[in-house]
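So this block is data05.txt, compact mmCIF, C-alpha atoms:
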# COMPACT_ATOMS: atom_id res chain seq x y z
CA MET A 940 46.95 -43.02 143.24
CA ALA A 941 50.46 -44.38 142.81
CA THR A 942 53.17 -42.75 144.93
CA TYR A 943 56.42 -41.40 143.50
CA GLU A 944 58.33 -44.26 145.12
CA GLU A 945 56.01 -46.89 143.60
CA ILE A 946 56.39 -45.37 140.15
CA PHE A 947 60.17 -45.12 140.54
CA LYS A 948 60.44 -48.80 141.54
CA LYS A 949 58.44 -49.86 138.52
CA VAL A 950 60.43 -47.62 136.14
CA GLN A 951 63.57 -49.08 137.71
CA SER A 952 62.52 -52.68 137.01
CA THR A 953 61.42 -51.65 133.50
CA LEU A 954 64.92 -50.35 132.76
CA VAL A 955 66.57 -53.38 134.36
CA ASP A 956 64.61 -55.60 131.93
CA ALA A 957 65.07 -53.37 128.88
CA LEU A 958 68.75 -52.54 129.28
CA GLY A 959 70.10 -55.49 131.26
CA VAL A 960 71.54 -53.18 133.94
CA ASP A 961 71.68 -53.68 137.71
CA GLU A 962 68.99 -52.19 139.89
CA GLU A 963 71.55 -50.06 141.76
CA GLN A 964 72.63 -48.38 138.52
CA VAL A 965 69.12 -47.07 137.91
CA GLU A 966 69.26 -43.94 140.05
CA PRO A 967 67.04 -40.90 139.48
CA LYS A 968 69.90 -38.83 138.03
CA ALA A 969 71.25 -41.60 135.79
CA THR A 970 71.16 -40.74 132.08
CA LEU A 971 69.75 -43.41 129.79
CA GLN A 972 72.44 -43.19 127.14
CA GLY A 973 75.49 -42.09 129.13
CA ASP A 974 75.10 -44.02 132.39
CA LEU A 975 72.85 -46.91 131.37
CA GLU A 976 74.26 -47.28 127.84
CA ALA A 977 70.90 -47.30 126.08
CA GLU A 978 71.07 -47.30 122.28
CA SER A 979 68.53 -45.69 120.00
CA ILE A 980 66.59 -48.93 119.50
CA ASP A 981 66.29 -49.35 123.27
CA PHE A 982 64.04 -46.28 123.37
CA LEU A 983 61.38 -48.16 121.42
CA ASP A 984 61.70 -51.12 123.79
CA ILE A 985 61.40 -48.78 126.80
CA VAL A 986 58.22 -47.21 125.37
CA PHE A 987 56.70 -50.68 124.83
CA ARG A 988 57.52 -51.74 128.37
CA LEU A 989 56.30 -48.55 130.06
CA GLU A 990 52.99 -48.86 128.20
CA ARG A 991 52.56 -52.48 129.29
CA ASN A 992 53.80 -52.07 132.85
CA PHE A 993 51.78 -48.95 133.64
CA GLY A 994 48.77 -49.42 131.33
CA ILE A 995 49.35 -46.06 129.66
CA THR A 996 49.50 -44.95 126.02
CA ILE A 997 52.58 -43.08 124.88
CA PRO A 998 52.01 -41.29 121.55
CA ARG A 999 54.92 -41.34 119.11
CA GLY A 1000 57.47 -38.63 119.87
CA GLU A 1001 55.87 -37.53 123.14
CA LEU A 1002 58.35 -39.10 125.54
CA PHE A 1003 61.35 -39.16 123.22
CA PRO A 1004 60.87 -36.33 120.70
CA GLU A 1005 61.98 -37.02 117.13
CA ASN A 1006 63.79 -34.74 114.66
CA LEU A 1007 64.95 -32.46 117.45
CA THR A 1008 67.71 -30.89 115.44
CA SER A 1009 66.24 -30.85 111.94
CA ASP A 1010 65.33 -27.14 112.04
CA PRO A 1011 68.50 -25.14 111.20
CA SER A 1012 67.25 -22.11 113.12
CA MET A 1013 67.45 -24.14 116.32
CA ILE A 1014 71.20 -24.75 116.08
CA ALA A 1015 74.27 -22.57 115.66
CA ASP A 1016 77.90 -23.68 116.05
CA GLY A 1017 76.90 -27.06 117.40
CA LYS A 1018 74.76 -25.54 120.14
CA LEU A 1019 71.07 -24.92 120.54
CA THR A 1020 70.03 -21.33 119.96
CA GLU A 1021 67.76 -19.61 122.45
CA LYS A 1022 64.83 -20.36 120.18
CA GLY A 1023 65.93 -23.99 119.98
CA LEU A 1024 66.30 -24.27 123.72
CA ASN A 1025 62.87 -22.78 124.35
CA GLU A 1026 61.25 -25.08 121.84
CA LEU A 1027 63.00 -28.06 123.35
CA LYS A 1028 61.78 -27.12 126.83
CA GLU A 1029 58.26 -27.04 125.48
CA ARG A 1030 58.61 -30.43 123.84
CA MET A 1031 60.31 -32.01 126.85
CA PRO A 1032 58.50 -30.56 129.87
CA TYR A 1033 59.62 -33.46 132.06
CA ALA A 1034 63.35 -32.97 131.53
CA ASP A 1035 65.59 -31.02 133.89
CA PHE A 1036 67.36 -28.34 131.84
CA THR A 1037 69.37 -26.81 134.72
CA ASP A 1038 72.76 -28.24 133.67
CA PHE A 1039 72.11 -28.54 129.98
CA ALA A 1040 71.10 -24.87 129.57
CA LYS A 1041 74.54 -23.78 130.81
CA ASN A 1042 76.20 -25.42 127.81
CA PRO A 1043 73.50 -26.49 125.31
CA GLU A 1044 75.71 -28.48 122.96
CA VAL A 1045 73.79 -30.73 120.59
CA GLU A 1046 76.02 -33.62 121.61
CA ARG A 1047 74.77 -33.29 125.18
CA LEU A 1048 71.11 -33.66 124.23
CA GLY A 1049 71.15 -37.28 125.35
CA ASP A 1050 71.87 -36.13 128.92
CA LEU A 1051 68.29 -34.84 129.15
CA TYR A 1052 66.94 -38.38 129.06
CA THR A 1053 67.23 -39.41 132.69
CA VAL A 1054 65.47 -41.92 134.92
CA GLU A 1055 63.91 -39.00 136.78
CA MET A 1056 62.46 -37.70 133.50
CA LEU A 1057 60.76 -41.05 132.87
CA VAL A 1058 59.33 -41.13 136.38
CA LYS A 1059 57.92 -37.60 136.05
CA TYR A 1060 56.44 -38.40 132.65
CA VAL A 1061 54.76 -41.58 133.90
CA ALA A 1062 53.51 -39.87 137.09
CA ASP A 1063 51.88 -37.17 134.96
CA LYS A 1064 50.32 -39.75 132.64
CA LEU A 1065 48.93 -41.75 135.55
CA ALA A 1066 47.58 -38.63 137.26
CA ALA A 1067 45.86 -37.56 134.03
CA ALA A 1068 44.25 -40.99 133.81
CA GLY A 1069 43.23 -40.86 137.48
CA LYS A 1070 45.36 -43.90 138.34
CA MET B 1401 70.97 -72.82 100.91
CA ARG B 1402 67.77 -70.77 101.20
CA TRP B 1403 67.50 -68.47 104.19
CA ILE B 1404 64.12 -69.79 105.31
CA TRP B 1405 64.10 -71.24 108.79
CA ILE B 1406 60.48 -72.33 109.04
CA ASP B 1407 58.84 -75.02 106.94
CA LYS B 1408 55.17 -74.23 107.29
CA PHE B 1409 52.64 -72.21 109.23
CA LEU B 1410 50.33 -74.40 111.29
CA GLU B 1411 48.20 -71.51 112.50
CA PHE B 1412 48.02 -67.84 111.61
CA ARG B 1413 45.74 -65.38 113.41
CA SER B 1414 46.22 -62.01 111.78
CA GLY B 1415 47.63 -59.38 114.11
CA SER B 1416 47.91 -61.66 117.14
CA PHE B 1417 49.37 -65.17 116.92
CA ALA B 1418 51.24 -67.56 114.64
CA ARG B 1419 52.50 -71.13 114.96
CA ALA B 1420 55.09 -72.49 112.59
CA VAL B 1421 56.92 -75.78 112.30
CA LYS B 1422 60.57 -76.48 111.55
CA ASN B 1423 61.68 -80.05 110.91
CA LEU B 1424 65.35 -80.77 111.43
CA THR B 1425 67.05 -83.15 109.04
CA LEU B 1426 70.57 -84.30 108.29
CA ALA B 1427 70.15 -82.89 104.79
CA GLU B 1428 70.90 -79.52 106.40
CA GLU B 1429 74.57 -78.84 105.93
CA HIS B 1430 75.05 -76.78 109.07
CA LEU B 1431 74.02 -79.64 111.37
CA HIS B 1432 77.11 -81.56 110.24
CA ASP B 1433 79.33 -78.76 111.48
CA HIS B 1434 77.30 -77.97 114.58
CA TYR B 1435 78.57 -80.38 115.79
CA PRO B 1436 80.28 -83.36 114.13
CA GLY B 1437 78.65 -86.41 115.71
CA PHE B 1438 76.15 -84.29 117.63
CA PRO B 1439 73.86 -82.53 115.14
CA VAL B 1440 72.20 -79.91 117.33
CA MET B 1441 70.21 -76.95 115.98
CA PRO B 1442 72.08 -73.70 116.80
CA ALA B 1443 70.18 -71.42 119.18
CA SER B 1444 70.79 -68.50 116.82
CA LEU B 1445 68.92 -70.27 114.01
CA ILE B 1446 66.04 -71.12 116.35
CA ILE B 1447 65.81 -67.39 117.08
CA GLU B 1448 65.96 -66.70 113.33
CA GLY B 1449 63.02 -69.08 112.80
CA MET B 1450 61.07 -67.30 115.53
CA ALA B 1451 61.99 -63.94 113.99
CA GLN B 1452 60.75 -65.08 110.58
CA THR B 1453 57.50 -66.35 112.11
CA GLY B 1454 57.10 -63.11 114.08
CA GLY B 1455 58.30 -60.88 111.26
CA ILE B 1456 55.69 -62.24 108.87
CA LEU B 1457 53.03 -61.96 111.60
CA VAL B 1458 53.95 -58.32 112.25
CA GLY B 1459 54.31 -57.49 108.55
CA GLU B 1460 50.98 -59.06 107.62
CA ALA B 1461 49.24 -56.97 110.28
CA LYS B 1462 50.09 -53.88 108.17
CA ASN B 1463 49.59 -55.60 104.79
CA PHE B 1464 53.36 -55.84 104.29
CA GLU B 1465 53.55 -52.10 103.70
CA GLU B 1466 56.27 -51.69 106.32
CA LYS B 1467 59.82 -52.95 106.19
CA VAL B 1468 60.01 -54.95 109.40
CA VAL B 1469 63.50 -55.50 110.76
CA LEU B 1470 64.71 -57.31 113.84
CA ALA B 1471 65.87 -54.57 116.18
CA LYS B 1472 66.54 -56.19 119.52
CA ILE B 1473 66.33 -59.46 121.44
CA PRO B 1474 65.78 -58.37 125.04
CA LYS B 1475 65.40 -61.94 126.28
CA ALA B 1476 66.48 -65.39 125.07
CA GLU B 1477 66.37 -68.32 127.46
CA PHE B 1478 67.04 -71.88 126.34
CA HIS B 1479 66.08 -74.84 128.52
CA GLY B 1480 67.04 -77.65 126.15
CA PHE B 1481 68.11 -78.44 122.60
CA ALA B 1482 66.85 -80.05 119.39
CA CYS B 1483 68.74 -82.46 117.15
CA ALA B 1484 68.40 -83.86 113.63
CA GLY B 1485 65.16 -85.84 113.44
CA ASP B 1486 63.39 -83.57 115.92
CA GLN B 1487 60.52 -81.26 115.16
CA LEU B 1488 60.43 -77.68 116.45
CA VAL B 1489 57.22 -75.70 116.75
CA TYR B 1490 57.46 -71.93 117.20
CA GLU B 1491 54.61 -70.05 118.83
CA VAL B 1492 54.68 -66.28 118.51
CA ARG B 1493 52.34 -63.72 120.06
CA ILE B 1494 52.23 -60.01 119.34
CA LEU B 1495 52.49 -58.20 122.68
CA ASP B 1496 52.40 -54.75 121.17
CA LEU B 1497 52.15 -53.25 117.71
CA ARG B 1498 52.50 -49.57 116.94
CA ALA B 1499 53.61 -47.25 114.14
CA GLU B 1500 57.29 -47.50 115.06
CA GLY B 1501 57.45 -51.28 115.46
CA ALA B 1502 56.29 -54.28 117.46
CA VAL B 1503 57.29 -56.62 120.25
CA VAL B 1504 56.57 -60.34 120.17
CA GLN B 1505 56.83 -63.17 122.68
CA CYS B 1506 58.10 -66.48 121.27
CA GLN B 1507 58.31 -70.03 122.52
CA ALA B 1508 59.81 -73.13 120.93
CA PHE B 1509 58.55 -76.67 121.61
CA VAL B 1510 60.32 -79.91 120.68
CA ASN B 1511 58.47 -83.01 119.47
CA GLY B 1512 55.08 -81.96 120.81
CA SER B 1513 56.26 -81.31 124.38
CA SER B 1514 54.09 -78.94 126.39
CA GLU B 1515 57.18 -77.52 128.11
CA PRO B 1516 58.92 -74.82 126.07
CA MET B 1517 62.57 -75.43 125.25
CA ALA B 1518 63.09 -71.70 124.58
CA ASP B 1519 61.53 -68.40 125.66
CA VAL B 1520 62.46 -65.42 123.55
CA GLU B 1521 61.30 -61.84 123.21
CA ILE B 1522 61.93 -59.93 119.99
CA VAL B 1523 61.53 -56.23 119.22
CA PHE B 1524 60.92 -55.35 115.57
CA ALA B 1525 61.28 -51.86 114.14
CA HIS B 1526 59.46 -50.50 111.12
CA LEU B 1527 62.08 -48.82 108.97
CA ASP B 1528 61.28 -45.22 108.20
CA ASN B 1529 59.91 -45.68 104.69
CA SER B 1530 61.25 -42.47 103.16
CA ARG B 1531 64.75 -43.06 104.52
CA ALA B 1532 64.70 -46.78 103.72
CA ASN B 1533 63.69 -46.03 100.14
CA GLN B 1534 66.64 -43.68 99.76
CA ILE B 1535 69.04 -46.36 100.94
CA PHE B 1536 67.51 -49.57 99.64
CA GLY B 1537 65.03 -48.44 96.98
CA PRO B 1538 61.32 -49.14 96.99
CA LYS B 1539 61.76 -52.94 96.80
CA ASN B 1540 60.74 -54.66 100.02
CA PHE B 1541 63.93 -56.59 100.74
CA VAL B 1542 62.54 -57.96 104.01
CA PHE B 1543 59.49 -59.74 102.68
CA THR B 1544 60.87 -61.51 99.65
CA ARG B 1545 58.65 -63.76 97.54
CA GLN B 1546 60.66 -66.68 98.85
CA LEU B 1547 59.84 -65.92 102.47
CA LEU B 1548 56.23 -64.99 101.81
CA GLY B 1549 55.86 -68.28 99.93
CA VAL B 1550 55.64 -69.98 103.34
CA LEU B 1551 52.52 -67.98 104.16
CA ASP B 1552 51.11 -68.52 100.67
CA LEU B 1553 51.47 -72.27 101.14
CA ALA B 1554 49.57 -72.14 104.44
CA LYS B 1555 46.79 -70.12 102.80
CA ALA B 1556 46.60 -72.56 99.88
CA GLN B 1557 46.38 -75.53 102.23
CA GLN B 1558 43.73 -73.81 104.32
CA ALA B 1559 41.70 -73.02 101.20
CA SER B 1560 42.04 -76.62 100.10
CA VAL B 1561 40.78 -77.91 103.48
CA GLU B 1562 37.84 -75.49 103.41
CA LYS B 1563 36.99 -76.50 99.86
CA SER B 1564 37.02 -80.21 100.66
CA GLY B 1565 34.84 -79.45 103.71
CA GLU B 1566 32.32 -77.71 101.46
CA ALA B 1567 32.40 -80.61 99.02
CA SER B 1568 31.47 -83.14 101.67
CA PRO B 1569 29.21 -81.47 104.26
CA GLY B 1570 29.09 -83.14 107.63
CA SER B 1571 32.45 -84.76 107.17
Have the structure of the file written as structure tokens, please.
Amino acid sequence: MATYEEIFKKVQSTLVDALGVDEEQVEPKATLQGDLEAESIDFLDIVFRLERNFGITIPRGELFPENLTSDPSMIADGKLTEKGLNELKERMPYADFTDFAKNPEVERLGDLYTVEMLVKYVADKLAAAGK
Amino acid sequence: MRWIWIDKFLEFRSGSFARAVKNLTLAEEHLHDHYPGFPVMPASLIIEGMAQTGGILVGEAKNFEEKVVLAKIPKAEFHGFACAGDQLVYEVRILDLRAEGAVVQCQAFVNGSSEPMADVEIVFAHLDNSRANQIFGPKNFVFTRQLLGVLDLAKAQQASVEKSGEASPGS
């Protein structure tokens, strides 16, 4: 069974390759878009690399949910409603909502995608596969 | 000038691998500007040739139903160059293919060398069909007849070889 540290190291090198960033920049709390400057197309590249590097299958929309804000009942005045927030938590069980929930502006959604979130997701996938 | 940066497919294994050739000649206008007195193939056009080889490979895997667009080049390393009179061979392998897109690994070889002169990785995205149709219409602007003609030629040549083989068994 892979340890947290082993998974983190591999996620770190995956992001170094995908985003051309330095290893030191890839800290657990670093956000993919804000801190590591990932663009939307990089998410596809990251999914490809995680699948190859860890031998896992990542179904479409499972790691990076799509159409998050398409339901009008989930948003009001540029913020997620309570219903929206709850649904988002269900769809992103690996994300840390502590900060985001205090001010759930749609524009801050990208902050939920952190290195830590990827590590937790991969750890869960590996555990489910008995690796 | 036609925007086709491969001359012919030498090998095409559906869904996995393709090999295409690009011959460089002084009839190509751009080689006179890049550079005067030193006609070297621009690295960007070598990548374009690889992308066309890989794009057709990825598109064919889904019967050209998807609009395949170059999304990202995570890696491009060049170890040499090719000039007018040289022959480039592009080898492209599909590393991964899924509903959202594909990633391919490409190598370029000059004049039959076994050492690659370039190593490139390309990520392709499948455009969301409903959104792409709204913007561009139903026409597949990626896989034009002109570009697909390269694959048609390879198929025709293959059929011709197979036919001549049938005509003279044991040859």
- Message: Would you mind listing, as a list in words, all residues of chain A that have at least one atom within 9 Å of chain B, where all atoms listed in the file are what counts?
- Response: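 Result, ordered by chain then number: Asp956, Ala957, Leu958, Gly959, Ile980, Asp981, Leu983, Asp984, Phe987, Arg991 and Arg999 of chain A.
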Residue subset to file, keeping C-alpha atoms, as an mmCIF file, in the frame of the given file:
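Here's the written file again.cif:
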data_model
loop_
_atom_site.group_PDB
_atom_site.id
_atom_site.type_symbol
_atom_site.label_atom_id
_atom_site.label_comp_id
_atom_site.auth_asym_id
_atom_site.auth_seq_id
_atom_site.Cartn_x
_atom_site.Cartn_y
_atom_site.Cartn_z
ATOM 1 C CA ASP A 956 64.610 -55.600 131.930
ATOM 2 C CA ALA A 957 65.070 -53.370 128.880
ATOM 3 C CA LEU A 958 68.750 -52.540 129.280
ATOM 4 C CA GLY A 959 70.100 -55.490 131.260
ATOM 5 C CA ILE A 980 66.590 -48.930 119.500
ATOM 6 C CA ASP A 981 66.290 -49.350 123.270
ATOM 7 C CA LEU A 983 61.380 -48.160 121.420
ATOM 8 C CA ASP A 984 61.700 -51.120 123.790
ATOM 9 C CA PHE A 987 56.700 -50.680 124.830
ATOM 10 C CA ARG A 991 52.560 -52.480 129.290
ATOM 11 C CA ARG A 999 54.920 -41.340 119.110
#
- Straight-line distance linking CA of Tyr1060 in chain A with CA of Met1031 in chain A, stated in Å to one decimal: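 Distance reported for this atom pair: 9.5 Å.
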- Message: From the options B:Glu1566, B:Glu1515, B:Asp1433, B:Asp1528, which residue's atoms come nearest to Val1489 in chain B, counting only C-alpha atoms?
- Response: B:Glu1515
- Rounded to one decimal place, report the CA of Glu1055 in chain A-CA of Glu1521 in chain B distance in Å.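 About the pair CA of Glu1055 in chain A and CA of Glu1521 in chain B: they are 26.7 Å apart.
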- Task: Go ahead and compute the interatomic distance for CA of Val965 in chain A and CA of Phe982 in chain A, in Å to one decimal.
- Result: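 Distance reported for this atom pair: 15.4 Å.
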- Task: Skip Arg1047 in chain A itself and residues of its chain fewer than 6 positions away, then list as a VMD selection string all residues within 10 Å of it, counting all atoms listed in the file.
- Result: chain A and resid 973 1018 1039
Go ahead and dump the residues you just picked, C-alpha atoms, as a compact mmCIF listing (two decimals), keeping the file's coordinate frame.
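So the final result, stored in again.txt, reads:
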# COMPACT_ATOMS: atom_id res chain seq x y z
CA GLY A 973 75.49 -42.09 129.13
CA LYS A 1018 74.76 -25.54 120.14
CA PHE A 1039 72.11 -28.54 129.98
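Distances from A:Glu1029, A:Gly1023, A:Leu1057, A:Asn1042 to Phe947 in chain A were compared using only C-alpha atoms, and the smallest one belongs to A:Leu1057.
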- Within 12 Å of Gln1546 in chain B, counting all atoms listed in the file, which residues qualify if same-chain residues fewer than 5 places away don't, as a PyMOL selection string? chain B and resi 1402-1407+1452+1541+1551-1553
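Using all atoms listed in the file for every distance, the candidate list B:Cys1506, B:Ala1556, B:Ile1494, B:Met1517 yields B:Ile1494 as the residue closest to Glu1460 in chain B.
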Residues within 12 Å of Gly1485 in chain B, please, as a tab-separated table (two decimals) with C-alpha atoms, in the frame of the given file. Count only C-alpha atoms; anything in the same chain fewer than 4 positions from it doesn't count.
chain	number	residue	atom	x	y	z
B	1422	LYS	CA	60.57	-76.48	111.55
B	1423	ASN	CA	61.68	-80.05	110.91
B	1424	LEU	CA	65.35	-80.77	111.43
B	1425	THR	CA	67.05	-83.15	109.04
B	1426	LEU	CA	70.57	-84.30	108.29
B	1427	ALA	CA	70.15	-82.89	104.79
B	1428	GLU	CA	70.90	-79.52	106.40
B	1431	LEU	CA	74.02	-79.64	111.37
B	1438	PHE	CA	76.15	-84.29	117.63
B	1439	PRO	CA	73.86	-82.53	115.14
B	1440	VAL	CA	72.20	-79.91	117.33
B	1441	MET	CA	70.21	-76.95	115.98
B	1510	VAL	CA	60.32	-79.91	120.68
B	1511	ASN	CA	58.47	-83.01	119.47
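Using all atoms listed in the file for every distance, the candidate list A:Glu1046, A:Asp1035, A:Asp961, A:Glu945 yields A:Glu945 as the residue closest to Phe993 in chain A.
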